[in-house]
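Trainee: So here's upload-v7.tsv, just TSV, C-alpha atoms:
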chain	number	residue	atom	x	y	z
Z	1	GLU	CA	124.34	99.31	91.02
Z	2	ALA	CA	121.23	97.15	90.56
Z	3	GLU	CA	122.73	94.43	92.80
Z	4	ALA	CA	122.03	91.62	90.36
Z	5	ARG	CA	123.14	88.27	91.76
Z	6	VAL	CA	124.59	86.91	88.50
Z	7	VAL	CA	125.01	88.48	85.06
Z	8	VAL	CA	125.38	86.32	81.93
Z	9	LEU	CA	126.85	88.10	78.92
Z	10	ASN	CA	126.12	86.71	75.45
Z	11	LEU	CA	128.76	88.69	73.62
Z	12	PRO	CA	128.70	89.35	69.86
Z	13	SER	CA	130.79	87.04	67.70
Z	14	SER	CA	133.24	89.85	66.94
Z	15	PHE	CA	134.26	89.95	70.61
Z	16	VAL	CA	136.21	86.71	70.15
Z	17	VAL	CA	139.18	88.81	69.01
Z	18	PRO	CA	140.62	91.81	70.89
Z	19	GLN	CA	138.91	95.13	70.19
Z	20	ASN	CA	140.96	98.30	69.78
Z	21	LEU	CA	140.06	101.77	68.55
Z	22	GLY	CA	143.26	103.60	67.77
Z	23	ASN	CA	145.29	103.57	70.97
Z	24	GLU	CA	142.24	102.82	73.11
Z	25	ASN	CA	141.89	99.27	74.41
Z	26	LEU	CA	138.15	98.57	74.28
Z	27	ASP	CA	138.54	95.30	76.20
Z	28	ALA	CA	139.92	96.94	79.35
Z	29	PRO	CA	136.52	97.88	80.92
Z	30	LEU	CA	135.15	94.35	80.68
Z	31	ARG	CA	138.46	92.92	81.89
Z	32	GLN	CA	138.18	95.12	84.98
Z	33	VAL	CA	134.63	93.90	85.54
Z	34	VAL	CA	135.77	90.27	85.31
Z	35	GLN	CA	138.53	90.94	87.84
Z	36	ARG	CA	136.17	92.74	90.21
Z	37	TYR	CA	133.17	90.42	89.98
Z	38	PRO	CA	134.48	86.94	89.04
Z	39	ASP	CA	131.82	85.21	91.18
Z	40	ARG	CA	128.91	87.14	89.68
Z	41	LEU	CA	129.74	87.12	85.99
Z	42	VAL	CA	129.42	84.45	83.27
Z	43	LEU	CA	130.71	84.89	79.73
Z	44	ALA	CA	128.65	82.77	77.33
Z	45	THR	CA	130.96	80.98	74.90
Z	46	ARG	CA	129.80	79.36	71.68
Z	47	SER	CA	131.41	76.11	70.58
Z	48	SER	CA	131.91	74.43	67.23
Z	49	GLU	CA	132.81	70.94	66.13
Z	50	SER	CA	135.90	70.04	64.15
Z	51	PHE	CA	136.72	66.42	63.26
Z	52	GLY	CA	134.19	65.20	65.82
Z	53	ARG	CA	135.60	67.28	68.69
Z	54	ALA	CA	133.99	70.31	70.28
Z	55	GLU	CA	136.17	73.43	70.32
Z	56	ILE	CA	135.80	76.76	72.10
Z	57	ASN	CA	137.61	80.08	72.07
Z	58	ILE	CA	139.13	81.45	75.26
Z	59	TYR	CA	138.52	85.12	76.04
Z	60	ASN	CA	142.13	85.74	77.05
Z	61	HIS	CA	141.77	89.48	76.35
Z	62	PHE	CA	139.01	89.65	78.99
Z	63	LEU	CA	140.76	87.51	81.62
Z	64	PRO	CA	143.07	89.20	84.15
Z	65	PHE	CA	146.55	87.70	83.93
Z	66	SER	CA	149.56	87.98	86.22
Z	67	SER	CA	152.72	88.53	84.18
Z	68	LEU	CA	154.80	88.01	87.31
Z	69	ARG	CA	153.38	84.60	88.22
Z	70	LEU	CA	152.46	83.72	84.62
Z	71	GLU	CA	148.98	82.55	85.57
Z	72	TYR	CA	145.38	83.65	85.30
Z	73	LEU	CA	144.06	85.74	88.16
Z	74	VAL	CA	140.63	84.50	87.09
Z	75	PRO	CA	140.81	81.12	85.29
Z	76	PRO	CA	138.68	80.78	82.15
Z	77	GLU	CA	136.63	77.85	83.47
Z	78	HIS	CA	135.49	80.09	86.34
Z	79	VAL	CA	133.78	82.67	84.13
Z	80	GLN	CA	133.28	81.06	80.72
Z	81	GLY	CA	130.20	78.88	80.25
Z	82	VAL	CA	129.44	76.97	77.06
Z	83	VAL	CA	126.25	77.67	75.13
Z	84	GLN	CA	123.95	74.69	74.43
Z	85	TYR	CA	124.45	73.34	70.94
Z	86	ARG	CA	123.66	69.60	70.78
Z	87	VAL	CA	120.45	68.88	68.87
Z	88	ASP	CA	118.99	65.60	67.69
Z	89	GLY	CA	118.45	64.42	64.11
Z	90	ALA	CA	115.27	66.51	63.85
Z	91	GLY	CA	117.13	69.68	64.83
Z	92	ILE	CA	115.48	69.83	68.27
Z	93	LEU	CA	117.35	70.53	71.50
Z	94	ARG	CA	115.78	68.14	74.01
Z	95	GLN	CA	118.51	67.83	76.63
Z	96	ALA	CA	120.69	70.42	78.33
Z	97	GLN	CA	124.35	69.54	78.70
Z	98	LEU	CA	125.65	70.68	82.09
Z	99	ARG	CA	129.34	70.19	81.33
Z	100	GLY	CA	131.61	68.78	78.67
Z	101	LEU	CA	135.17	68.27	77.50
Z	102	TYR	CA	136.21	70.95	75.00
Z	103	LEU	CA	139.35	71.61	73.00
Z	104	ARG	CA	140.80	75.03	73.74
Z	105	ARG	CA	141.80	76.80	70.56
Z	106	ASP	CA	144.55	78.78	72.29
Z	107	SER	CA	146.46	75.84	73.79
Z	108	GLN	CA	145.02	72.93	71.74
Z	109	LYS	CA	144.41	71.09	75.01
Z	110	GLU	CA	141.16	69.54	76.20
Z	111	GLN	CA	139.58	70.95	79.34
Z	112	MET	CA	136.31	70.52	81.21
Z	113	PHE	CA	133.93	73.48	81.03
Z	114	ALA	CA	130.48	73.89	82.53
Z	115	SER	CA	127.51	75.12	80.55
Z	116	VAL	CA	126.22	78.67	80.89
Z	117	GLU	CA	123.23	77.50	82.93
Z	118	ALA	CA	125.19	75.23	85.29
Z	119	LEU	CA	127.81	77.91	85.98
Z	120	ALA	CA	125.19	80.62	86.56
Z	121	PHE	CA	123.23	78.27	88.85
Z	122	ALA	CA	126.37	77.50	90.87
Z	123	LYS	CA	127.15	81.20	91.29
Z	124	TYR	CA	123.56	82.16	92.08
Z	125	ASP	CA	123.09	79.66	94.91
Z	126	PRO	CA	126.24	77.59	95.56
Z	127	GLU	CA	124.70	75.56	98.38
Z	128	ARG	CA	121.55	74.56	96.49
Z	129	ALA	CA	123.50	73.95	93.29
Z	130	GLY	CA	125.99	71.73	95.11
Z	131	ARG	CA	123.16	69.72	96.65
Z	132	TRP	CA	121.41	69.46	93.27
Z	133	PHE	CA	124.54	68.27	91.47
Z	134	ARG	CA	125.40	65.78	94.24
Z	135	GLN	CA	121.95	64.20	94.03
Z	136	ARG	CA	121.56	64.17	90.25
Z	137	GLY	CA	125.10	64.46	88.96
Z	138	LEU	CA	126.21	66.45	85.95
Z	139	GLN	CA	124.56	64.26	83.34
Z	140	PRO	CA	122.41	65.90	80.64
Z	141	VAL	CA	118.97	66.91	81.89
Z	142	GLN	CA	115.68	67.00	80.03
Z	143	PHE	CA	114.47	70.48	80.89
Z	144	ASN	CA	110.85	71.58	80.77
Z	145	PRO	CA	110.38	73.86	77.72
Z	146	LEU	CA	108.13	76.74	78.70
Z	147	GLY	CA	107.06	77.44	75.12
Z	148	SER	CA	106.29	80.74	73.45
Z	149	GLN	CA	103.19	81.27	75.65
Z	150	HIS	CA	105.34	81.81	78.76
Z	151	SER	CA	106.95	85.19	78.26
Z	152	ILE	CA	110.25	85.92	79.97
Z	153	PRO	CA	110.63	89.51	81.21
Z	154	ILE	CA	112.71	91.44	78.69
Z	155	ILE	CA	114.19	94.84	79.44
Z	156	PRO	CA	115.52	96.78	76.43
Z	157	ILE	CA	119.17	97.67	76.83
Z	158	GLU	CA	118.30	101.33	76.18
Z	159	GLN	CA	116.54	101.48	79.56
Z	160	ILE	CA	119.74	100.43	81.33
Z	161	CYS	CA	122.37	101.91	79.06
Z	162	PRO	CA	120.83	104.86	77.14
Z	163	PRO	CA	122.89	105.98	74.15
Z	164	VAL	CA	124.18	109.52	74.02
Z	165	ILE	CA	122.64	111.63	71.26
Z	166	SER	CA	124.73	114.61	70.30
Z	167	GLN	CA	124.06	117.49	67.95
Z	168	THR	CA	126.21	117.92	64.84
Z	169	GLY	CA	127.17	121.21	63.25
Z	170	SER	CA	124.14	121.05	60.98
Z	171	GLY	CA	121.86	120.68	63.97
Z	172	SER	CA	120.82	117.07	63.27
Z	173	PRO	CA	121.08	114.57	66.14
Z	174	THR	CA	123.63	111.76	65.81
Z	175	LEU	CA	124.03	108.58	67.84
Z	176	SER	CA	127.40	108.06	69.49
Z	177	PRO	CA	127.71	104.31	70.17
Z	178	GLY	CA	131.20	104.73	71.57
Z	179	GLN	CA	129.78	107.06	74.26
Z	180	ALA	CA	126.75	104.91	75.17
Z	181	CYS	CA	125.85	105.12	78.88
Z	182	ARG	CA	128.37	107.88	79.36
Z	183	GLY	CA	127.46	111.53	79.19
Z	184	GLN	CA	129.37	114.61	80.23
Z	185	GLU	CA	128.67	113.84	83.88
Z	186	GLY	CA	129.58	110.15	83.64
Z	187	ILE	CA	127.25	107.17	83.76
Z	188	PRO	CA	123.69	108.26	84.62
Z	189	PRO	CA	121.96	106.63	87.61
Z	190	LEU	CA	119.78	103.60	86.92
Z	191	ASP	CA	116.01	104.00	87.01
Z	192	PRO	CA	114.82	102.67	90.40
Z	193	LYS	CA	111.99	100.72	88.75
Z	194	VAL	CA	114.45	98.95	86.46
Z	195	ALA	CA	116.82	98.35	89.38
Z	196	ASP	CA	114.04	96.61	91.33
Z	197	GLN	CA	113.51	94.20	88.43
Z	198	LEU	CA	117.21	93.26	88.38
Z	199	ARG	CA	117.96	93.10	92.09
Z	200	ASP	CA	118.89	89.61	93.36
Z	201	ARG	CA	118.15	88.07	89.95
Z	202	ILE	CA	120.07	86.23	87.27
Z	203	VAL	CA	120.32	88.76	84.44
Z	204	LEU	CA	120.85	87.40	80.93
Z	205	VAL	CA	122.22	89.88	78.40
Z	206	GLY	CA	121.76	88.81	74.80
Z	207	PHE	CA	120.01	89.30	71.49
Z	208	VAL	CA	116.32	88.68	70.78
Z	209	GLY	CA	113.89	89.59	68.04
Z	210	GLY	CA	115.25	90.24	64.57
Z	211	TYR	CA	118.90	90.64	65.47
Z	212	PRO	CA	121.28	88.46	63.43
Z	213	GLU	CA	122.99	86.95	66.48
Z	214	THR	CA	119.95	85.51	68.25
Z	215	PHE	CA	121.07	81.96	67.29
Z	216	PRO	CA	117.51	80.52	67.39
Z	217	VAL	CA	117.00	77.00	68.74
Z	218	ARG	CA	113.97	74.71	68.35
Z	219	THR	CA	112.80	73.07	71.58
Z	220	ALA	CA	110.76	69.92	72.20
Z	221	ASP	CA	107.42	71.79	72.24
Z	222	GLY	CA	108.03	72.98	68.67
Z	223	SER	CA	108.74	76.63	69.47
Z	224	GLN	CA	111.80	78.40	68.09
Z	225	ILE	CA	113.41	80.74	70.58
Z	226	ALA	CA	116.59	82.78	70.87
Z	227	ALA	CA	119.62	81.33	72.63
Z	228	VAL	CA	119.29	83.75	75.55
Z	229	GLU	CA	115.65	82.70	76.05
Z	230	LEU	CA	116.72	79.06	76.00
Z	231	GLN	CA	119.21	79.84	78.76
Z	232	ALA	CA	116.39	81.37	80.80
Z	233	GLN	CA	114.21	78.28	80.36
Z	234	ILE	CA	116.98	75.85	81.35
Z	235	LEU	CA	117.88	78.00	84.35
Z	236	SER	CA	114.22	78.05	85.37
Z	237	SER	CA	114.14	74.24	85.28
Z	238	LEU	CA	117.36	73.99	87.32
Z	239	LEU	CA	116.22	76.51	89.94
Z	240	THR	CA	112.77	74.97	90.37
Z	241	GLY	CA	113.86	71.33	89.89
Z	242	ASP	CA	111.26	70.97	87.15
Z	243	VAL	CA	113.17	68.54	84.94
Z	244	TYR	CA	112.26	65.21	83.40
Z	245	HIS	CA	113.94	62.13	84.83
Z	246	SER	CA	114.88	59.23	82.57
Z	247	LEU	CA	115.30	55.74	83.93
Z	248	PRO	CA	118.76	54.19	83.75
Z	249	SER	CA	119.21	52.31	80.49
Z	250	GLY	CA	119.52	48.99	82.30
Z	251	LEU	CA	116.28	49.48	84.25
Z	252	ALA	CA	114.42	50.71	81.15
Z	253	GLY	CA	115.60	47.68	79.16
Z	254	GLY	CA	114.52	45.40	82.02
Z	255	VAL	CA	111.03	46.92	82.07
Z	256	VAL	CA	110.64	46.45	78.30
Z	257	LEU	CA	111.94	42.87	78.60
Z	258	LEU	CA	109.52	42.07	81.42
Z	259	LEU	CA	106.59	43.53	79.52
Z	260	GLY	CA	107.44	41.57	76.38
Z	261	ALA	CA	108.19	38.33	78.22
Z	262	GLY	CA	105.08	38.62	80.38
Z	263	THR	CA	102.81	39.25	77.39
Z	264	GLY	CA	104.34	36.35	75.45
Z	265	LEU	CA	104.06	34.03	78.46
Z	266	LEU	CA	100.39	34.85	78.93
Z	267	LEU	CA	99.69	34.17	75.28
Z	268	VAL	CA	101.45	30.80	75.48
Z	269	LEU	CA	99.97	29.60	78.79
Z	270	TYR	CA	96.38	30.68	78.26
Z	271	ARG	CA	96.07	30.04	74.55
Z	272	PRO	CA	93.25	27.52	73.92
Z	273	SER	CA	92.68	25.57	70.74
Z	274	LEU	CA	91.35	27.86	68.05
Z	275	ARG	CA	88.60	26.85	65.72
Z	276	LEU	CA	88.13	28.54	62.42
Z	277	ASN	CA	84.36	28.06	62.36
Z	278	HIS	CA	83.64	28.94	65.96
Z	279	TRP	CA	84.57	31.89	68.14
Z	280	ASP	CA	83.95	31.36	71.82
Z	281	TRP	CA	84.42	34.58	73.71
Z	282	LYS	CA	85.07	32.76	76.98
Z	283	GLN	CA	87.83	30.76	75.37
Z	284	GLN	CA	89.37	33.89	73.83
Z	285	ARG	CA	89.26	36.02	76.98
Z	286	PHE	CA	92.98	35.37	77.46
Z	287	LEU	CA	93.50	38.12	74.88
Z	288	LEU	CA	92.17	40.67	77.36
Z	289	ARG	CA	94.64	39.82	80.12
Z	290	PRO	CA	97.82	41.15	78.52
Z	291	LEU	CA	95.90	44.09	77.07
Z	292	VAL	CA	94.46	45.03	80.47
Z	293	GLY	CA	97.88	44.64	82.10
Z	294	LEU	CA	99.50	46.81	79.43
Z	295	ALA	CA	96.77	49.44	79.80
Z	296	VAL	CA	97.29	49.53	83.59
Z	297	TYR	CA	101.05	49.95	83.15
Z	298	GLU	CA	100.64	52.68	80.56
Z	299	GLY	CA	98.17	54.54	82.76
Z	300	TRP	CA	100.58	54.34	85.68
Z	301	ALA	CA	103.50	55.44	83.47
Z	302	VAL	CA	101.52	58.40	82.12
Z	303	ALA	CA	100.69	59.45	85.70
Z	304	GLN	CA	104.39	59.24	86.59
Z	305	PHE	CA	105.22	61.39	83.56
Z	306	LEU	CA	102.60	64.08	84.17
Z	307	LEU	CA	102.85	64.32	87.96
Z	308	TRP	CA	106.47	63.51	88.81
Z	309	ARG	CA	108.28	64.00	85.43
Z	310	TRP	CA	109.53	60.39	85.24
Z	311	VAL	CA	109.90	59.06	81.71
Z	312	TRP	CA	109.17	55.31	81.73
Z	313	PRO	CA	109.38	53.07	78.66
Z	314	LEU	CA	106.39	53.31	76.29
Z	315	VAL	CA	105.01	56.35	78.15
Z	316	LEU	CA	105.33	58.72	75.21
Z	317	PRO	CA	103.60	56.37	72.72
Z	318	ALA	CA	100.90	55.76	75.32
Z	319	LEU	CA	100.44	59.49	75.90
Z	320	ALA	CA	100.35	60.15	72.14
Z	321	SER	CA	97.82	57.33	71.64
Z	322	GLY	CA	95.66	58.64	74.47
Z	323	LEU	CA	95.68	62.20	73.13
Z	324	THR	CA	94.96	60.92	69.64
Z	325	GLY	CA	92.04	58.90	70.99
Z	326	VAL	CA	90.64	61.89	72.85
Z	327	SER	CA	90.96	64.14	69.80
Z	328	LEU	CA	89.33	61.45	67.63
Z	329	LEU	CA	86.47	61.12	70.10
Z	330	LEU	CA	85.96	64.88	70.17
Z	331	THR	CA	86.02	64.97	66.38
Z	332	LEU	CA	83.37	62.24	66.18
Z	333	VAL	CA	81.20	64.08	68.70
Z	334	ILE	CA	81.51	67.33	66.72
Z	335	VAL	CA	80.73	65.56	63.42
Z	336	GLU	CA	77.71	63.84	64.98
Z	337	ASN	CA	76.40	67.14	66.35
Z	338	GLN	CA	76.86	68.78	62.94
Z	339	GLU	CA	74.98	65.95	61.25
Z	340	ARG	CA	72.20	66.23	63.83
Z	341	LEU	CA	71.93	69.98	63.29
Z	342	LEU	CA	71.88	69.45	59.54
Z	343	ALA	CA	69.10	66.88	59.87
Z	344	GLN	CA	67.11	69.27	62.07
Z	345	GLN	CA	67.53	72.08	59.54
Z	346	GLN	CA	66.42	69.79	56.73
Z	347	GLU	CA	63.37	68.75	58.76
Z	348	LEU	CA	62.50	72.38	59.49
Z	349	GLU	CA	62.90	73.21	55.80
Z	350	ARG	CA	60.60	70.30	54.87
Z	351	LEU	CA	57.96	71.44	57.38
Z	352	ARG	CA	58.20	75.03	56.13
Z	353	ARG	CA	57.65	73.90	52.53
Z	354	ALA	CA	54.71	71.69	53.57
Z	355	GLU	CA	53.18	74.63	55.40
Z	356	GLN	CA	53.61	76.85	52.34
Z	357	GLU	CA	52.02	74.23	50.06
Z	358	ALA	CA	49.10	73.83	52.47
Z	359	ALA	CA	48.57	77.61	52.52
Z	360	ILE	CA	48.65	77.74	48.71
Z	361	ASP	CA	46.10	74.89	48.47
Z	362	GLN	CA	43.82	76.64	50.96
Z	363	ALA	CA	44.04	79.87	48.96
Z	364	ARG	CA	43.14	78.07	45.74
Z	365	LYS	CA	40.08	76.52	47.37
Z	366	LEU	CA	38.91	79.93	48.55
Z	367	LEU	CA	39.36	81.44	45.08
Z	368	TYR	CA	37.61	78.71	43.17
Turn this file's structure into structure tokens for me.

Mentor:
Amino acid sequence: EAEARVVVLNLPSSFVVPQNLGNENLDAPLRQVVQRYPDRLVLATRSSESFGRAEINIYNHFLPFSSLRLEYLVPPEHVQGVVQYRVDGAGILRQAQLRGLYLRRDSQKEQMFASVEALAFAKYDPERAGRWFRQRGLQPVQFNPLGSQHSIPIIPIEQICPPVISQTGSGSPTLSPGQACRGQEGIPPLDPKVADQLRDRIVLVGFVGGYPETFPVRTADGSQIAAVELQAQILSSLLTGDVYHSLPSGLAGGVVLLLGAGTGLLLVLYRPSLRLNHWDWKQQRFLLRPLVGLAVYEGWAVAQFLLWRWVWPLVLPALASGLTGVSLLLTLVIVENQERLLAQQQELERLRRAEQEAAIDQARKLLY
């Protein structure tokens, strides 16, 4: 109804198994949605590791299946996307995996599955996604974490799917979760203002706030966000192309080797005889040459990192050193200003006391 381009469902953990209520099959509505909108729906699937291999569950109870042809009408890899899970030793998720080889728990066979973000991107704009993947491949990407300051629009589910509140015999209202979104006249129409916010967008349905299934993740900027918010940030980086580019390992190793070899060669070729009792600045100016060259490279690498998102070797230590230097300089300036203000206050206090003593002396002379 809202004409959303793609909908990503982060289902509760209990939905891994079929859901039945008496003789009612609770999985049938979602299975019908999957069959009707296979190119606009993504089912987020969490993975786990067992004996060093990543495993995922297959939502067979949500996937339409042909008993006559004994095959999926909608294959699982077409609608199931894997949730990001790989963090580093510090527990920080720095890179987004776009695809991976996972062991299916139903067949115990390995199969390639795309991530939630890559699958949603491909369904949202197939042409742009195909061009993006052809140019950059499906290797892990270093996305740009937006941080907690950049709020992602959140629409409470009650605005889209209001629960039905019925009156009991005692007159007290009760919530009927099994009848949510469905009153006596069927599903109520969607608020036009809400529909405008969803139209032509990628809609992520998941848990935020204090819910137990938010599955919080810590990103590179230090913020801890829910899994559905992480999906939004990675999708934002994919759609805008705002990702960090790492140099190939061979090129990065070559740059480090050239820097080390060049610095060592300069020290060997321009090293004059040192005297313990004499320090001639002109003779020791060779020390400035590798330092100036290294500073030029680091400045250029920092510019590449900030302007074009290229991560060159030594750029992060250089950026950290530069920020540390700036903060140290600002701290020294603040301390110096505080000391100057303190000295001025002490001088004013000394002048005030001298003025008081002079007034007391003058009064004594007048009295005596």

Trainee: Which residues, protein or nucleic acid, reach to within 12 Å of (141.9, 96.0, 75.6) in the file's coordinates when using only C-alpha atoms, and can you give that as a list in words?

Mentor: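 Residues with an atom close enough to that point: Phe15, Val17, Pro18, Gln19, Asn20, Leu21, Gly22, Asn23, Glu24, Asn25, Leu26, Asp27, Ala28, Pro29, Leu30, Arg31, Gln32, Tyr59, Asn60, His61, Phe62, Leu63 and Pro64 of chain Z.
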
Trainee: Could you give me, as a PyMOL selection string, the residues that have an atom at most 10 Å away from the point (129.7, 77.6, 81.4) in the coordinates of the file, using all atoms listed in the file?

Mentor: chain Z and resi 8+42-46+76-84+98-100+112-121

Trainee: Measuring atom to atom with all atoms listed in the file, identify which of Z:Val326, Z:Glu71, Z:Gln111, Z:Thr214 is nearest to Ala227 (chain Z).

Mentor: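 The answer is Z:Thr214, which sits nearest to Ala227 (chain Z).
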
Trainee: So how many Å separate CA of Arg134 (chain Z) and CA of Leu238 (chain Z), to one decimal?

Mentor: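 Answer for the CA of Arg134 (chain Z) to CA of Leu238 (chain Z) separation: 13.4 Å.
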
Trainee: Could you tell me how far CA of Tyr244 (chain Z) sits from CA of Gln142 (chain Z), in Å to one decimal place?

Mentor: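 Pair CA of Gln142 (chain Z) / CA of Tyr244 (chain Z) returns 5.1 Å.
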
Trainee: Could you work out an axis-aligned box for region 200-213 of chain Z, taking every atom the file lists and adding 6 Å on each side, and report centre and edge lengths in Å to one decimal, as AutoDock Vina command-line options?

Mentor:
--center_x 118.4 --center_y 88.4 --center_z 78.4 --size_x 21.1 --size_y 16.4 --size_z 41.9

Trainee: Please measure the separation of CA of Gln95 (chain Z) and CA of Phe143 (chain Z), giving the value in Å to one decimal.

Mentor: 6.4 Å

Trainee: Here is a test: counting all atoms listed in the file, which residue of Z:Arg131, Z:Leu366, Z:Leu73, Z:Arg199 is nearest to Arg36 (chain Z)?

Mentor: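 Under the stated criterion, the closest residue is Z:Leu73.
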
Trainee: May I ask which of the residues Z:Leu103, Z:Leu348, Z:Phe65, Z:Asn10 is the closest one to Ser47 (chain Z), counting all atoms listed in the file?

Mentor: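 Closest candidate: Z:Leu103.
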
Trainee: Any idea what's packed within 12 Å of region 210-212 of chain Z, counting all atoms listed in the file, ignoring anything in its chain fewer than 6 positions away? Could you give it as a PyMOL selection string?

Mentor: chain Z and resi 12-13+225-227

Trainee: Using all atoms listed in the file, find the one residue out of Z:Ile155, Z:Leu351, Z:Ala129, Z:Leu41 that sits nearest to Thr240 (chain Z).

Mentor: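 Among the listed residues, Z:Ala129 lies closest to Thr240 (chain Z).
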
Trainee: Check the smallest atom-to-atom distance from each of Z:Asp361, Z:Gln231, Z:Arg5, Z:Pro75 to Pro126 (chain Z) using all atoms listed in the file, then report the winner.

Mentor: Z:Arg5

Trainee: Hey, which of Z:Ala220, Z:Arg128, Z:Lys193, Z:Leu230 ends up closest to Val208 (chain Z)? Count all atoms listed in the file.

Mentor: Z:Leu230

Trainee: Enumerate, in order of chain and increasing residue number, the residues of region 80-162 of chain Z with an atom no farther than 10 Å from region 48-54 of chain Z, each with its shortest atom pair and distance in Å to one decimal, counting only C-alpha atoms, as CSV.

Mentor:
residue,atom,partner,partner_atom,distance
Z:Tyr85,CA,Z:Ser48,CA,8.4
Z:Gly100,CA,Z:Ala54,CA,8.9
Z:Leu101,CA,Z:Ala54,CA,7.6
Z:Tyr102,CA,Z:Ala54,CA,5.3
Z:Leu103,CA,Z:Ala54,CA,6.1
Z:Arg104,CA,Z:Ala54,CA,9.0
Z:Glu110,CA,Z:Ala54,CA,9.3

Trainee: At a cut-off of 7 Å, using all atoms listed in the file, what residues contact Ile202 (chain Z)? Leave out same-chain residues fewer than 4 positions from it and give the result as a compact mmCIF listing (two decimals) with C-alpha atoms, keeping the file's coordinate frame.

Mentor:
# COMPACT_ATOMS: atom_id res chain seq x y z
CA ALA Z 4 122.03 91.62 90.36
CA ARG Z 5 123.14 88.27 91.76
CA VAL Z 6 124.59 86.91 88.50
CA VAL Z 7 125.01 88.48 85.06

Trainee: If I only want region 153-164 of chain Z, can you write it with N, CA, C and O atoms, as a PDB file, in the first residue's frame?

Mentor:
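Final file, part18.pdb:
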ATOM      1  N   PRO Z 153      15.574   7.962  10.480  1.00  0.00           N
ATOM      2  CA  PRO Z 153      14.125   8.067  10.747  1.00  0.00           C
ATOM      3  C   PRO Z 153      13.549   6.738  11.230  1.00  0.00           C
ATOM      4  O   PRO Z 153      13.742   5.696  10.606  1.00  0.00           O
ATOM      5  N   ILE Z 154      12.875   6.774  12.348  1.00  0.00           N
ATOM      6  CA  ILE Z 154      12.265   5.586  12.946  1.00  0.00           C
ATOM      7  C   ILE Z 154      10.767   5.824  13.066  1.00  0.00           C
ATOM      8  O   ILE Z 154      10.332   6.839  13.609  1.00  0.00           O
ATOM      9  N   ILE Z 155       9.997   4.898  12.538  1.00  0.00           N
ATOM     10  CA  ILE Z 155       8.543   4.970  12.618  1.00  0.00           C
ATOM     11  C   ILE Z 155       8.073   3.830  13.510  1.00  0.00           C
ATOM     12  O   ILE Z 155       8.339   2.666  13.211  1.00  0.00           O
ATOM     13  N   PRO Z 156       7.429   4.121  14.630  1.00  0.00           N
ATOM     14  CA  PRO Z 156       6.919   3.035  15.484  1.00  0.00           C
ATOM     15  C   PRO Z 156       5.956   2.138  14.718  1.00  0.00           C
ATOM     16  O   PRO Z 156       5.158   2.612  13.896  1.00  0.00           O
ATOM     17  N   ILE Z 157       6.033   0.861  14.991  1.00  0.00           N
ATOM     18  CA  ILE Z 157       5.200  -0.100  14.271  1.00  0.00           C
ATOM     19  C   ILE Z 157       3.724   0.145  14.530  1.00  0.00           C
ATOM     20  O   ILE Z 157       2.864  -0.180  13.700  1.00  0.00           O
ATOM     21  N   GLU Z 158       3.403   0.778  15.674  1.00  0.00           N
ATOM     22  CA  GLU Z 158       1.993   1.050  15.990  1.00  0.00           C
ATOM     23  C   GLU Z 158       1.360   2.028  15.016  1.00  0.00           C
ATOM     24  O   GLU Z 158       0.136   2.035  14.839  1.00  0.00           O
ATOM     25  N   GLN Z 159       2.191   2.886  14.377  1.00  0.00           N
ATOM     26  CA  GLN Z 159       1.641   3.822  13.398  1.00  0.00           C
ATOM     27  C   GLN Z 159       1.278   3.133  12.092  1.00  0.00           C
ATOM     28  O   GLN Z 159       0.450   3.636  11.327  1.00  0.00           O
ATOM     29  N   ILE Z 160       1.915   2.000  11.815  1.00  0.00           N
ATOM     30  CA  ILE Z 160       1.637   1.268  10.581  1.00  0.00           C
ATOM     31  C   ILE Z 160       0.662   0.132  10.836  1.00  0.00           C
ATOM     32  O   ILE Z 160      -0.229  -0.135  10.036  1.00  0.00           O
ATOM     33  N   CYS Z 161       0.849  -0.532  11.966  1.00  0.00           N
ATOM     34  CA  CYS Z 161       0.043  -1.709  12.280  1.00  0.00           C
ATOM     35  C   CYS Z 161      -0.549  -1.540  13.683  1.00  0.00           C
ATOM     36  O   CYS Z 161      -0.041  -2.120  14.646  1.00  0.00           O
ATOM     37  N   PRO Z 162      -1.575  -0.712  13.853  1.00  0.00           N
ATOM     38  CA  PRO Z 162      -2.110  -0.467  15.203  1.00  0.00           C
ATOM     39  C   PRO Z 162      -2.768  -1.715  15.770  1.00  0.00           C
ATOM     40  O   PRO Z 162      -3.513  -2.414  15.071  1.00  0.00           O
ATOM     41  N   PRO Z 163      -2.482  -2.026  17.024  1.00  0.00           N
ATOM     42  CA  PRO Z 163      -3.113  -3.204  17.643  1.00  0.00           C
ATOM     43  C   PRO Z 163      -4.589  -2.941  17.921  1.00  0.00           C
ATOM     44  O   PRO Z 163      -5.019  -1.800  18.098  1.00  0.00           O
ATOM     45  N   VAL Z 164      -5.329  -4.004  17.955  1.00  0.00           N
ATOM     46  CA  VAL Z 164      -6.765  -3.916  18.222  1.00  0.00           C
ATOM     47  C   VAL Z 164      -6.989  -4.040  19.721  1.00  0.00           C
ATOM     48  O   VAL Z 164      -6.520  -4.982  20.354  1.00  0.00           O
TER      49      VAL Z 164
END
